[in-house]
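Asks: Contents are TSV, C-alpha atoms; file name my_file_21.tsv:
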chain	number	residue	atom	x	y	z
Q	199	MET	CA	-97.22	140.05	235.29
Q	200	SER	CA	-98.64	137.69	237.90
Q	201	VAL	CA	-100.13	139.01	241.13
Q	202	LEU	CA	-97.60	139.01	243.98
Q	203	ARG	CA	-98.58	137.48	247.31
Q	204	VAL	CA	-97.31	140.12	249.74
Q	205	LEU	CA	-97.21	139.52	253.48
Q	206	HIS	CA	-97.20	142.44	255.93
Q	207	LEU	CA	-95.48	141.32	259.13
Q	208	VAL	CA	-97.05	143.46	261.88
Q	209	GLY	CA	-97.07	143.69	265.68
Q	210	SER	CA	-94.44	143.22	268.35
Q	211	ALA	CA	-92.98	140.42	270.44
Q	212	VAL	CA	-92.15	142.97	273.15
Q	213	SER	CA	-94.94	145.37	274.11
Q	214	ASP	CA	-98.32	146.86	273.30
Q	215	PHE	CA	-96.54	150.15	272.54
Q	216	TYR	CA	-94.60	148.58	269.68
Q	217	CYS	CA	-97.72	146.71	268.55
Q	218	ASN	CA	-99.58	150.01	268.28
Q	219	LEU	CA	-96.66	151.71	266.54
Q	220	SER	CA	-96.44	148.89	264.02
Q	221	ARG	CA	-100.18	148.90	263.42
Q	222	LEU	CA	-100.21	152.69	262.92
Q	223	TYR	CA	-97.72	152.57	260.07
Q	224	ALA	CA	-98.82	149.25	258.57
Q	225	GLN	CA	-102.44	150.39	258.36
Q	226	ASP	CA	-101.34	153.49	256.47
Q	227	CYS	CA	-99.32	151.31	254.09
Q	228	LEU	CA	-102.16	148.86	253.49
Q	229	GLU	CA	-104.58	151.66	252.69
Q	230	ASN	CA	-102.26	153.54	250.35
Q	231	THR	CA	-100.46	150.80	248.40
Q	232	ALA	CA	-103.29	148.33	247.80
Q	233	ASN	CA	-103.58	147.41	244.13
Q	234	SER	CA	-105.45	144.17	243.43
Q	235	ALA	CA	-104.08	144.09	239.89
Q	236	LEU	CA	-100.55	143.78	241.27
Q	237	TYR	CA	-100.74	142.48	244.85
Q	238	GLU	CA	-102.58	140.03	247.05
Q	239	PHE	CA	-102.04	141.37	250.56
Q	240	HIS	CA	-101.89	139.13	253.63
Q	241	ILE	CA	-101.27	140.07	257.26
Q	242	ALA	CA	-99.33	138.20	259.94
Q	243	TYR	CA	-99.75	139.79	263.36
Q	244	VAL	CA	-97.45	138.96	266.29
Q	245	SER	CA	-98.50	139.89	269.84
Q	246	PRO	CA	-96.28	140.35	272.91
Q	247	ASP	CA	-97.04	136.77	274.03
Q	248	ARG	CA	-95.39	135.72	270.73
Q	249	GLN	CA	-98.59	134.22	269.41
Q	250	TRP	CA	-99.26	134.65	265.70
Q	251	ARG	CA	-102.54	135.61	264.04
Q	252	PHE	CA	-103.52	136.04	260.41
Q	253	PRO	CA	-106.30	138.67	260.52
Q	254	THR	CA	-108.23	139.91	257.50
Q	255	SER	CA	-107.44	143.52	258.43
Q	256	LEU	CA	-105.67	145.53	261.12
Q	257	ASP	CA	-108.87	146.58	262.85
Q	258	LEU	CA	-108.66	145.52	266.49
Q	259	SER	CA	-111.85	143.48	266.10
Q	260	ALA	CA	-110.34	141.57	263.18
Q	261	ILE	CA	-107.15	140.89	265.13
Q	262	GLU	CA	-109.14	139.63	268.12
Q	263	ALA	CA	-111.26	137.41	265.88
Q	264	ALA	CA	-108.21	135.73	264.30
Q	265	SER	CA	-107.12	132.45	265.90
Q	266	PRO	CA	-103.85	132.68	267.87
Q	267	MET	CA	-101.25	130.07	267.03
Q	268	SER	CA	-97.70	129.05	267.81
Q	269	LEU	CA	-94.70	129.65	265.58
Q	270	ALA	CA	-95.01	126.11	264.23
Q	271	GLY	CA	-98.60	126.77	263.22
Q	272	ALA	CA	-97.66	130.08	261.66
Q	273	VAL	CA	-94.91	128.49	259.58
Q	274	GLN	CA	-97.45	126.04	258.20
Q	275	VAL	CA	-99.83	128.88	257.30
Q	276	LEU	CA	-97.01	130.81	255.62
Q	277	THR	CA	-96.07	127.71	253.65
Q	278	ASP	CA	-99.66	127.16	252.55
Q	279	LEU	CA	-100.05	130.82	251.53
Q	280	GLN	CA	-97.01	130.56	249.24
Q	281	ILE	CA	-95.93	134.09	250.07
Q	282	ASP	CA	-93.75	135.73	247.41
Q	283	ILE	CA	-92.35	138.56	249.51
Q	284	MET	CA	-92.65	140.05	253.00
Q	285	ILE	CA	-92.84	143.69	254.13
Q	286	PRO	CA	-91.32	144.08	257.64
Q	287	GLN	CA	-93.60	146.27	259.75
Q	288	MET	CA	-92.25	145.35	263.20
Q	289	PHE	CA	-90.19	147.99	265.03
Q	290	CYS	CA	-89.17	146.19	268.23
Q	291	ILE	CA	-85.68	144.69	268.28
Q	292	PRO	CA	-86.83	141.03	267.98
Q	293	GLY	CA	-89.10	142.10	265.13
Q	294	MET	CA	-86.23	143.75	263.28
Q	295	THR	CA	-83.81	140.89	263.91
Q	296	GLN	CA	-85.16	137.46	264.92
Q	297	TYR	CA	-88.32	137.66	262.85
Q	298	ARG	CA	-86.45	138.77	259.74
Q	299	SER	CA	-84.06	135.85	260.28
Q	300	LEU	CA	-87.05	133.51	260.38
Q	301	PHE	CA	-87.99	134.60	256.87
Q	302	ASP	CA	-84.40	134.04	255.74
Q	303	LEU	CA	-84.73	130.48	257.02
Q	304	LEU	CA	-88.04	130.08	255.21
Q	305	SER	CA	-86.46	131.43	252.00
Q	306	ILE	CA	-89.10	134.13	251.79
Q	307	PRO	CA	-87.48	137.37	250.60
Q	308	TYR	CA	-88.29	140.66	252.29
Q	309	VAL	CA	-87.84	144.31	251.47
Q	310	GLY	CA	-85.17	146.24	253.33
Q	311	ASN	CA	-82.09	145.54	255.35
Q	312	PRO	CA	-81.10	142.09	256.64
Q	313	ALA	CA	-81.43	140.94	260.23
Q	314	GLU	CA	-77.72	141.07	261.01
Q	315	LEU	CA	-77.49	144.72	259.93
Q	316	MET	CA	-80.63	145.63	261.89
Q	317	ALA	CA	-79.01	144.06	264.95
Q	318	LEU	CA	-75.89	146.15	264.41
Q	319	VAL	CA	-77.61	149.52	263.99
Q	320	ALA	CA	-79.97	148.82	266.90
Q	321	ASP	CA	-76.85	149.48	268.99
Q	322	LYS	CA	-76.23	153.19	268.47
Q	323	ALA	CA	-72.62	153.01	269.64
Q	324	LYS	CA	-71.71	150.22	267.22
Q	325	ALA	CA	-73.36	152.00	264.30
Q	326	LYS	CA	-71.39	155.15	265.16
Q	327	ALA	CA	-68.14	153.19	265.26
Q	328	VAL	CA	-68.72	151.71	261.80
Q	329	VAL	CA	-69.53	155.01	260.09
Q	330	ALA	CA	-66.75	156.85	261.94
Q	331	ALA	CA	-64.25	154.35	260.52
Q	332	ALA	CA	-65.51	155.33	257.06
Q	333	GLY	CA	-64.68	158.99	257.66
Q	334	VAL	CA	-68.07	160.25	258.85
Q	335	SER	CA	-68.00	162.82	261.69
Q	336	VAL	CA	-69.66	161.57	264.89
Q	337	PRO	CA	-70.06	163.29	268.27
Q	338	LEU	CA	-67.59	162.28	270.98
Q	339	GLY	CA	-69.26	159.53	272.99
Q	340	GLU	CA	-68.92	156.77	275.55
Q	341	ILE	CA	-71.00	153.95	277.01
Q	342	VAL	CA	-72.01	154.13	280.67
Q	343	ARG	CA	-73.93	151.81	282.98
Q	344	GLY	CA	-75.63	152.22	286.33
Q	345	GLY	CA	-73.48	154.22	288.74
Q	346	ASP	CA	-70.94	155.29	286.10
Q	347	ARG	CA	-69.83	158.88	285.81
Q	348	THR	CA	-69.13	160.40	282.43
Q	349	LEU	CA	-65.79	161.76	281.28
Q	350	ILE	CA	-67.40	163.95	278.62
Q	351	ASP	CA	-67.75	167.65	279.37
Q	352	PHE	CA	-71.27	169.03	279.77
Q	353	PRO	CA	-73.60	169.73	278.06
Q	354	ILE	CA	-74.27	166.17	276.93
Q	355	VAL	CA	-77.04	164.00	275.48
Q	356	LEU	CA	-77.96	160.65	277.07
Q	357	LYS	CA	-79.50	157.94	274.89
Q	358	PRO	CA	-80.51	154.38	275.79
Q	359	VAL	CA	-78.15	152.51	273.50
Q	360	ASN	CA	-80.82	150.42	271.76
Q	361	SER	CA	-84.12	152.30	271.85
Q	362	ASP	CA	-85.87	154.27	269.09
Q	363	ASN	CA	-88.22	157.25	268.79
Q	364	SER	CA	-86.10	159.21	271.33
Q	365	ILE	CA	-87.48	157.14	274.21
Q	366	GLY	CA	-85.43	157.93	277.33
Q	367	VAL	CA	-83.27	160.52	275.57
Q	368	ALA	CA	-82.27	163.56	277.63
Q	369	PHE	CA	-80.32	166.78	277.14
Q	370	VAL	CA	-78.23	167.37	280.27
Q	371	LYS	CA	-76.70	170.82	280.81
Q	372	ASN	CA	-74.79	170.15	284.04
Q	373	ALA	CA	-73.62	167.48	286.46
Q	374	ALA	CA	-76.49	168.14	288.90
Q	375	ASP	CA	-79.01	166.74	286.39
Q	376	TYR	CA	-76.90	163.77	285.29
Q	377	ASP	CA	-77.97	161.07	287.77
Q	378	ALA	CA	-81.70	161.53	287.22
Q	379	ALA	CA	-81.31	161.47	283.43
Q	380	LEU	CA	-79.11	158.38	283.61
Q	381	GLN	CA	-81.65	156.51	285.77
Q	382	THR	CA	-84.42	157.35	283.29
Q	383	ALA	CA	-82.35	156.14	280.35
Q	384	LEU	CA	-81.46	152.92	282.21
Q	385	THR	CA	-85.15	152.02	282.49
Q	386	HIS	CA	-85.07	151.51	278.72
Q	387	SER	CA	-81.66	149.87	278.26
Q	388	ASP	CA	-78.86	148.32	280.32
Q	389	GLU	CA	-76.35	150.60	278.62
Q	390	VAL	CA	-76.52	154.31	277.87
Q	391	LEU	CA	-74.69	156.24	275.18
Q	392	VAL	CA	-73.38	159.59	276.39
Q	393	GLU	CA	-72.58	162.04	273.61
Q	394	LYS	CA	-71.05	165.49	273.54
Q	395	PHE	CA	-73.86	167.93	272.69
Q	396	ILE	CA	-73.44	169.42	269.23
Q	397	GLU	CA	-74.54	173.04	269.21
Q	398	LEU	CA	-77.67	173.49	267.15
Q	399	GLY	CA	-77.55	174.77	263.67
Q	400	ARG	CA	-80.08	172.43	262.06
Q	401	GLU	CA	-81.23	168.80	262.27
Q	402	VAL	CA	-82.06	166.77	259.17
Q	403	ARG	CA	-82.73	163.25	257.96
Q	404	CYS	CA	-81.33	161.87	254.72
Q	405	GLY	CA	-82.82	158.97	252.83
Q	406	ILE	CA	-81.18	156.86	250.14
Q	407	ILE	CA	-82.86	154.37	247.83
Q	408	VAL	CA	-81.15	151.85	245.58
Q	409	LYS	CA	-82.28	152.22	241.98
Q	410	ALA	CA	-80.83	150.00	239.25
Q	411	GLY	CA	-77.90	149.31	241.56
Q	412	GLU	CA	-77.14	153.00	242.08
Q	413	LEU	CA	-77.50	155.00	245.30
Q	414	VAL	CA	-80.05	157.76	244.83
Q	415	CYS	CA	-80.05	160.42	247.57
Q	416	LEU	CA	-83.43	161.93	248.34
Q	417	PRO	CA	-84.36	165.48	249.39
Q	418	LEU	CA	-83.59	166.07	253.06
Q	419	GLU	CA	-86.26	166.42	255.71
Q	420	GLU	CA	-85.58	169.10	258.35
Q	421	TYR	CA	-87.03	169.34	261.85
Q	422	ALA	CA	-88.03	172.43	263.79
Q	423	LEU	CA	-85.74	172.91	266.80
Q	424	ASP	CA	-84.82	175.90	268.96
Q	425	PRO	CA	-81.51	176.40	270.79
Q	426	ASP	CA	-83.30	177.56	273.95
Q	427	THR	CA	-86.68	175.85	274.08
Q	428	MET	CA	-86.09	172.63	272.10
Q	429	PRO	CA	-82.39	171.86	271.60
Q	430	ILE	CA	-83.03	168.18	270.75
Q	431	ARG	CA	-85.99	166.13	269.50
Q	432	SER	CA	-87.88	164.15	272.13
Q	433	TYR	CA	-90.36	161.28	272.04
Q	434	ALA	CA	-93.24	163.79	272.24
Q	435	ASP	CA	-91.95	165.46	269.08
Q	436	LYS	CA	-92.29	162.22	267.12
Q	437	LEU	CA	-95.37	160.38	268.42
Q	438	LYS	CA	-98.49	161.31	270.36
Q	439	GLN	CA	-100.93	159.33	272.47
Q	440	ASN	CA	-104.53	159.72	271.30
Q	441	ASP	CA	-107.51	159.89	273.67
Q	442	ASP	CA	-108.37	156.25	272.94
Q	443	GLY	CA	-104.85	155.12	273.83
Q	444	SER	CA	-103.74	154.59	270.24
Q	445	LEU	CA	-100.66	156.23	268.74
Q	446	GLY	CA	-100.63	159.06	266.22
Q	447	TYR	CA	-98.11	161.11	264.27
Q	448	ALA	CA	-96.73	164.19	266.04
Q	449	ALA	CA	-94.18	165.52	263.55
Q	450	LYS	CA	-96.02	165.46	260.25
Q	451	ASP	CA	-97.16	169.05	259.81
Q	452	SER	CA	-95.24	171.82	258.07
Q	453	THR	CA	-94.49	173.70	261.29
Q	454	LYS	CA	-92.56	170.74	262.72
Q	455	SER	CA	-90.89	169.22	259.67
Q	456	TRP	CA	-90.41	170.12	256.03
Q	457	ILE	CA	-88.54	169.09	252.90
Q	458	VAL	CA	-85.32	171.02	252.24
Q	459	ASP	CA	-84.84	172.48	248.77
Q	460	ILE	CA	-82.07	170.48	247.09
Q	461	SER	CA	-80.33	173.73	246.14
Q	462	ASP	CA	-79.65	174.34	249.84
Q	463	PRO	CA	-75.84	174.12	250.36
Q	464	VAL	CA	-76.27	171.68	253.25
Q	465	THR	CA	-77.79	169.06	250.95
Q	466	GLU	CA	-74.63	168.00	249.11
Q	467	ARG	CA	-72.63	167.85	252.36
Q	468	VAL	CA	-75.20	165.59	253.99
Q	469	TRP	CA	-75.59	163.45	250.86
Q	470	ASP	CA	-71.85	162.82	250.83
Q	471	MET	CA	-71.90	161.66	254.48
Q	472	ALA	CA	-75.04	159.56	253.92
Q	473	ARG	CA	-73.49	157.70	250.98
Q	474	LYS	CA	-70.49	156.85	253.14
Q	475	CYS	CA	-72.81	155.58	255.89
Q	476	HIS	CA	-74.85	153.45	253.48
Q	477	ILE	CA	-71.76	151.83	251.97
Q	478	ALA	CA	-69.94	151.35	255.27
Q	479	LEU	CA	-72.92	149.63	256.88
Q	480	GLY	CA	-73.70	147.55	253.80
Q	481	CYS	CA	-77.30	148.71	253.51
Q	482	ARG	CA	-79.74	147.04	251.14
Q	483	ASP	CA	-82.65	148.59	249.17
Q	484	TYR	CA	-82.78	151.81	251.21
Q	485	SER	CA	-81.31	153.65	254.19
Q	486	LEU	CA	-82.16	156.57	256.45
Q	487	PHE	CA	-79.80	158.64	258.59
Q	488	ASP	CA	-80.14	161.48	261.10
Q	489	PHE	CA	-77.61	164.31	261.06
Q	490	ARG	CA	-77.01	167.29	263.32
Q	491	ILE	CA	-75.72	170.34	261.45
Q	492	ASP	CA	-73.58	172.57	263.67
Q	493	PRO	CA	-73.60	176.40	263.38
Q	494	GLN	CA	-70.63	176.20	260.98
Q	495	GLY	CA	-72.63	173.93	258.62
Q	496	LYS	CA	-70.77	170.69	259.39
Q	497	PRO	CA	-72.92	167.49	259.44
Q	498	TRP	CA	-72.55	165.13	262.39
Q	499	PHE	CA	-73.99	161.59	262.25
Q	500	LEU	CA	-76.52	160.87	265.01
Q	501	GLU	CA	-78.01	157.49	264.12
Q	502	ALA	CA	-79.29	155.16	261.43
Q	503	GLY	CA	-82.96	154.20	261.08
Q	504	LEU	CA	-82.90	151.42	258.52
Q	505	TYR	CA	-86.61	150.75	258.20
Q	506	CYS	CA	-89.49	151.89	256.05
Q	507	SER	CA	-93.14	150.94	256.44
Q	508	PHE	CA	-94.19	152.40	253.06
Q	509	ALA	CA	-96.88	154.35	254.85
Q	510	GLN	CA	-97.83	157.60	253.16
Q	511	LYS	CA	-96.48	159.42	256.22
Q	512	SER	CA	-93.24	157.47	256.44
Q	513	VAL	CA	-90.16	159.66	256.08
Q	514	LEU	CA	-88.83	157.83	253.02
Q	515	SER	CA	-92.25	158.01	251.36
Q	516	ALA	CA	-92.36	161.78	251.89
Q	517	MET	CA	-88.83	162.15	250.56
Q	518	THR	CA	-89.49	160.08	247.43
Q	519	LYS	CA	-92.68	162.06	246.80
Q	520	ALA	CA	-90.65	165.28	247.02
Q	521	SER	CA	-88.24	163.84	244.47
Q	522	GLY	CA	-91.11	163.29	242.03
Q	523	THR	CA	-91.73	159.59	242.65
Q	524	SER	CA	-95.15	158.40	243.78
Q	525	LEU	CA	-95.64	156.02	246.70
Q	526	ASP	CA	-96.99	153.36	244.30
Q	527	THR	CA	-93.86	153.54	242.16
Q	528	PHE	CA	-91.56	153.58	245.20
Q	529	PHE	CA	-93.33	150.58	246.75
Q	530	GLU	CA	-93.25	148.55	243.53
Q	531	SER	CA	-89.59	149.35	242.87
Q	532	MET	CA	-88.56	148.19	246.35
Q	533	LEU	CA	-90.48	144.94	245.92
Q	534	GLN	CA	-88.73	144.32	242.61
Q	535	ASN	CA	-85.35	145.16	244.19
Q	536	ALA	CA	-85.90	142.53	246.86
Q	537	LEU	CA	-87.11	139.90	244.39
Q	538	CYS	CA	-84.07	140.49	242.18
Q	539	GLU	CA	-81.77	139.89	245.17
Q	540	ILE	CA	-82.89	136.26	245.41
Q	541	PRO	CA	-79.99	134.00	244.28
Q	542	ASN	CA	-80.55	132.58	240.79
Q	543	ASN	CA	-83.76	134.62	240.41
How does this structure look as structure tokens?
Replies:
Amino acid sequence: MSVLRVLHLVGSAVSDFYCNLSRLYAQDCLENTANSALYEFHIAYVSPDRQWRFPTSLDLSAIEAASPMSLAGAVQVLTDLQIDIMIPQMFCIPGMTQYRSLFDLLSIPYVGNPAELMALVADKAKAKAVVAAAGVSVPLGEIVRGGDRTLIDFPIVLKPVNSDNSIGVAFVKNAADYDAALQTALTHSDEVLVEKFIELGREVRCGIIVKAGELVCLPLEEYALDPDTMPIRSYADKLKQNDDGSLGYAAKDSTKSWIVDISDPVTERVWDMARKCHIALGCRDYSLFDFRIDPQGKPWFLEAGLYCSFAQKSVLSAMTKASGTSLDTFFESMLQNALCEIPNN
């Protein structure tokens, strides 16, 4: 088998925060999937000024040393490199949509879900509407804008409609706290999704990978929450700011998250809902969904996170490991999936 030229598309066209988030996960992936017998890794790094660089590594010094160039210059470099496949490592909305579309135009395949689906699920309300139509239970919700009141009874959860990592999300117990929470959410999005708060039983994520055309549900990951002290997950529960300003993982120890034994009765119920979500949305290669489990054991869809960096600490990587599949095998199988999706390939 010939060596594959694999491009890792890293950075952000939006902010340093998303650049750092992308670099955190991509660096982990580069370190833990490198195999010179199978892959020739290349890096394309996009900065918030939309300049492209092709550094030799993701060290900040290497990025700074790489020559910045325009999109036109980058396309020429990509053409010269004869890239076989791309790994999307950008988590900002343009990175998940416009930049994936660019690779469609260049006829360079990439692992994961297509740009049009990423654009859909980036809007939490639209994703909810699609899965609800497929019979998946979703919390009662509505979209509000600046100055709008909500018609949903308290307690509620406010979410910027198109942000990730729980940025701007707030649990609001009563009307007195509504305005302040809404203003915070509006700093991250022009529209805010208001949802009826689902009483806490449990909160889990469910991953699905496509294997030989079949949907394979992975062991669930559960998160530590408390009805009184931590009724929902916040940004601080997912990421942390290190002393040097870089980002780190905040939810990757066994006291904050863990893999659920597949014999747990909740597993089959969540798997059934996750399959419906995957099919309804038209996911490709893999999918990842968050569910709230109420005290009666009923799963409620919260959102879809249709990305995977193939970092050792990525959720899907942890789930596949728990299922008995190594990161190397998972990574290689997803590359082959994407290559097989090329028309006439």
Asks: Near Ile285 of chain Q, counting only C-alpha atoms, which residues have an atom at most 8 Å away, once you skip same-chain residues fewer than 2 positions from it, shown as a ChimeraX atom specification?
Replies: /Q:204-207,283,287,308-309,507
Asks: Using only C-alpha atoms for the distances, tell me which of Q:Tyr484, Q:Phe489, Q:Phe395, Q:Tyr376 is nearest to Ser531 of chain Q.
Replies: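 Using only C-alpha atoms, the shortest distance to Ser531 of chain Q belongs to Q:Tyr484.
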Asks: Find the residues with any atom within 9 Å of (-76.1, 152.1, 287.9); use only C-alpha atoms and the coordinates as given in the file, and write the answer as a tab-separated table (two decimals) with C-alpha atoms, keeping the file's coordinate frame.
Replies:
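Output file result_19.tsv is given in full below:
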chain	number	residue	atom	x	y	z
Q	342	VAL	CA	-72.01	154.13	280.67
Q	343	ARG	CA	-73.93	151.81	282.98
Q	344	GLY	CA	-75.63	152.22	286.33
Q	345	GLY	CA	-73.48	154.22	288.74
Q	346	ASP	CA	-70.94	155.29	286.10
Q	380	LEU	CA	-79.11	158.38	283.61
Q	381	GLN	CA	-81.65	156.51	285.77
Q	384	LEU	CA	-81.46	152.92	282.21
Q	388	ASP	CA	-78.86	148.32	280.32
Asks: Between atom CA of Asp214 of chain Q and atom CA of Glu229 of chain Q, what is the distance in Å, rounded to a tenth?
Replies: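 Separation between atom CA of Asp214 of chain Q and atom CA of Glu229 of chain Q: 22.1 Å.
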Asks: Rank nothing, just name the residue among Q:Trp456, Q:Phe528, Q:Phe239, Q:Tyr216 nearest to Cys506 of chain Q, using all atoms listed in the file.
Replies: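 Closest to Cys506 of chain Q, using all atoms listed in the file: Q:Phe528.
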